[in-house]
Amino acid sequence: MHAPRELIEDACQTAWALLLRTQPERYAVFAWLRVVAIREANRLSAIERRDARLERLRPEDGDWHDATADPRSLDDTLEALQALHTLVTLPDRQRTDLAPSVAGYSYEEIRNLTPGRTFTNVDKSLIKARARIRRSRP
């Protein structure tokens with residue numbers, strides 16, 4: 001495992017604590033400890049990578065691109081947040097009709113899910129919701 005010594009020690013400590021708490025089968029203690037320590041080290045390493053800060057990097061650490069986030073994931077996150085914001089601003093009826101539509105329900109199925117509605121009501125509601133979403137795009 002390529003990780004700082006402190007991280008590996010923390011993972012081993014956690015594995016020992018879990019051993020004392022769970023008391024696995026005696027014949028497989030060492031194999032169990034090894035697997036738990038490796039999994040914990042991987043978990044801690046992922047947390048450390050996620051929380052890495054550019055200020056902590058030194059020139060001798062090598063390529064900084066390994067420690068920075070994927071720009072596509074940031075764009076995807078911002079786009080998802082914008083979509084959620086747009087959904088929140090929709091009137092209740094439009095939001096209630098749009099959610100099943102996005103999930104793949106037909107207009108007839110949406111009408112059956114919302115009692116007292118006609119096909120035309122659902123159609124107009126979805127047209128208005130889609131128009132509002134198009135207007136909110138940059």
# chains A, B, ... in the order shown; residues from 1 in each chain; ligands from 1

call {"tool": "residues_around", "arguments": {"residues": "stretch 113-123 of chain A", "least_positions_apart": "5", "cutoff": "10 Å", "atoms": "only C-alpha atoms", "output": "list in words"}}
result
Arg93, Gln94, Thr96, Asp97, Leu98, Pro100, Ser101, Tyr105, Tyr107, Glu108, Lys128 and Ala129 of chain A

call {"tool": "atom_distance", "arguments": {"atom1": "atom CA of A:Lys124", "atom2": "atom CA of A:Ala99"}}
result
14.8 Å

call {"tool": "atom_distance", "arguments": {"atom1": "atom CA of A:Arg39", "atom2": "atom CA of A:Thr14"}}
result
10.4 Å

call {"tool": "residues_around", "arguments": {"residues": "A:Trp16", "least_positions_apart": "6", "cutoff": "10 Å", "atoms": "only C-alpha atoms", "output": "ChimeraX atom specification"}}
result
/A:10,22,33-34,36-37

call {"tool": "decode", "arguments": {"residues": "stretch 71-84 of chain A", "atoms": "all heavy atoms", "output": "tab-separated table (two decimals), in the first residue's frame"}}
result
chain	number	residue	atom	x	y	z
A	71	PRO	N	-12.24	18.38	-13.32
A	71	PRO	CA	-13.09	19.54	-13.64
A	71	PRO	C	-14.46	19.13	-14.17
A	71	PRO	O	-15.42	19.84	-14.00
A	71	PRO	CB	-12.28	20.30	-14.70
A	71	PRO	CG	-11.29	19.33	-15.22
A	71	PRO	CD	-11.04	18.33	-14.14
A	72	ARG	N	-14.55	17.96	-14.80
A	72	ARG	CA	-15.84	17.51	-15.30
A	72	ARG	C	-16.80	17.24	-14.14
A	72	ARG	O	-17.98	17.51	-14.23
A	72	ARG	CB	-15.69	16.27	-16.15
A	72	ARG	CG	-15.02	16.56	-17.49
A	72	ARG	CD	-14.75	15.30	-18.20
A	72	ARG	NE	-13.85	14.54	-17.34
A	72	ARG	CZ	-13.32	13.38	-17.64
A	72	ARG	NH1	-13.60	12.80	-18.76
A	72	ARG	NH2	-12.50	12.77	-16.82
A	73	SER	N	-16.29	16.70	-13.04
A	73	SER	CA	-17.18	16.41	-11.91
A	73	SER	C	-17.71	17.71	-11.31
A	73	SER	O	-18.86	17.76	-10.88
A	73	SER	CB	-16.47	15.57	-10.85
A	73	SER	OG	-15.40	16.29	-10.29
A	74	LEU	N	-16.91	18.76	-11.30
A	74	LEU	CA	-17.38	20.05	-10.80
A	74	LEU	C	-18.46	20.61	-11.72
A	74	LEU	O	-19.50	21.08	-11.26
A	74	LEU	CB	-16.21	21.04	-10.69
A	74	LEU	CG	-16.57	22.44	-10.20
A	74	LEU	CD1	-17.19	22.37	-8.81
A	74	LEU	CD2	-15.35	23.32	-10.21
A	75	ASP	N	-18.24	20.52	-13.03
A	75	ASP	CA	-19.25	20.98	-13.98
A	75	ASP	C	-20.54	20.19	-13.83
A	75	ASP	O	-21.64	20.76	-13.85
A	75	ASP	CB	-18.74	20.87	-15.41
A	75	ASP	CG	-17.62	21.85	-15.72
A	75	ASP	OD1	-17.48	22.84	-14.97
A	75	ASP	OD2	-16.88	21.61	-16.69
A	76	ASP	N	-20.42	18.87	-13.67
A	76	ASP	CA	-21.60	18.03	-13.49
A	76	ASP	C	-22.34	18.39	-12.22
A	76	ASP	O	-23.57	18.45	-12.19
A	76	ASP	CB	-21.22	16.55	-13.45
A	76	ASP	CG	-20.70	16.04	-14.80
A	76	ASP	OD1	-20.91	16.72	-15.82
A	76	ASP	OD2	-20.06	14.96	-14.80
A	77	THR	N	-21.60	18.66	-11.15
A	77	THR	CA	-22.21	19.03	-9.88
A	77	THR	C	-22.95	20.35	-9.99
A	77	THR	O	-24.08	20.49	-9.52
A	77	THR	CB	-21.14	19.11	-8.78
A	77	THR	OG1	-20.49	17.85	-8.68
A	77	THR	CG2	-21.76	19.46	-7.44
A	78	LEU	N	-22.31	21.33	-10.63
A	78	LEU	CA	-22.95	22.63	-10.80
A	78	LEU	C	-24.20	22.52	-11.66
A	78	LEU	O	-25.22	23.15	-11.37
A	78	LEU	CB	-21.97	23.63	-11.40
A	78	LEU	CG	-20.82	24.05	-10.49
A	78	LEU	CD1	-19.85	24.95	-11.24
A	78	LEU	CD2	-21.34	24.74	-9.25
A	79	GLU	N	-24.13	21.72	-12.70
A	79	GLU	CA	-25.29	21.52	-13.57
A	79	GLU	C	-26.43	20.85	-12.81
A	79	GLU	O	-27.60	21.23	-12.95
A	79	GLU	CB	-24.90	20.68	-14.78
A	79	GLU	CG	-25.99	20.56	-15.81
A	79	GLU	CD	-25.52	19.79	-17.04
A	79	GLU	OE1	-24.34	19.89	-17.40
A	79	GLU	OE2	-26.37	19.09	-17.62
A	80	ALA	N	-26.11	19.85	-11.99
A	80	ALA	CA	-27.13	19.17	-11.19
A	80	ALA	C	-27.76	20.13	-10.18
A	80	ALA	O	-28.98	20.12	-9.98
A	80	ALA	CB	-26.53	17.96	-10.49
A	81	LEU	N	-26.94	20.96	-9.55
A	81	LEU	CA	-27.48	21.94	-8.59
A	81	LEU	C	-28.39	22.95	-9.29
A	81	LEU	O	-29.44	23.32	-8.75
A	81	LEU	CB	-26.34	22.67	-7.88
A	81	LEU	CG	-25.60	21.85	-6.83
A	81	LEU	CD1	-24.38	22.62	-6.33
A	81	LEU	CD2	-26.51	21.49	-5.69
A	82	GLN	N	-28.01	23.37	-10.48
A	82	GLN	CA	-28.85	24.29	-11.25
A	82	GLN	C	-30.18	23.63	-11.60
A	82	GLN	O	-31.24	24.25	-11.51
A	82	GLN	CB	-28.12	24.74	-12.52
A	82	GLN	CG	-28.94	25.64	-13.42
A	82	GLN	CD	-29.29	26.96	-12.76
A	82	GLN	OE1	-28.52	27.50	-11.98
A	82	GLN	NE2	-30.46	27.49	-13.06
A	83	ALA	N	-30.13	22.35	-11.99
A	83	ALA	CA	-31.35	21.62	-12.33
A	83	ALA	C	-32.25	21.49	-11.10
A	83	ALA	O	-33.48	21.67	-11.19
A	83	ALA	CB	-31.01	20.25	-12.90
A	84	LEU	N	-31.67	21.19	-9.96
A	84	LEU	CA	-32.47	21.09	-8.73
A	84	LEU	C	-33.09	22.43	-8.37
A	84	LEU	O	-34.25	22.50	-7.95
A	84	LEU	CB	-31.61	20.57	-7.58
A	84	LEU	CG	-31.26	19.10	-7.64
A	84	LEU	CD1	-30.28	18.75	-6.52
A	84	LEU	CD2	-32.51	18.24	-7.52
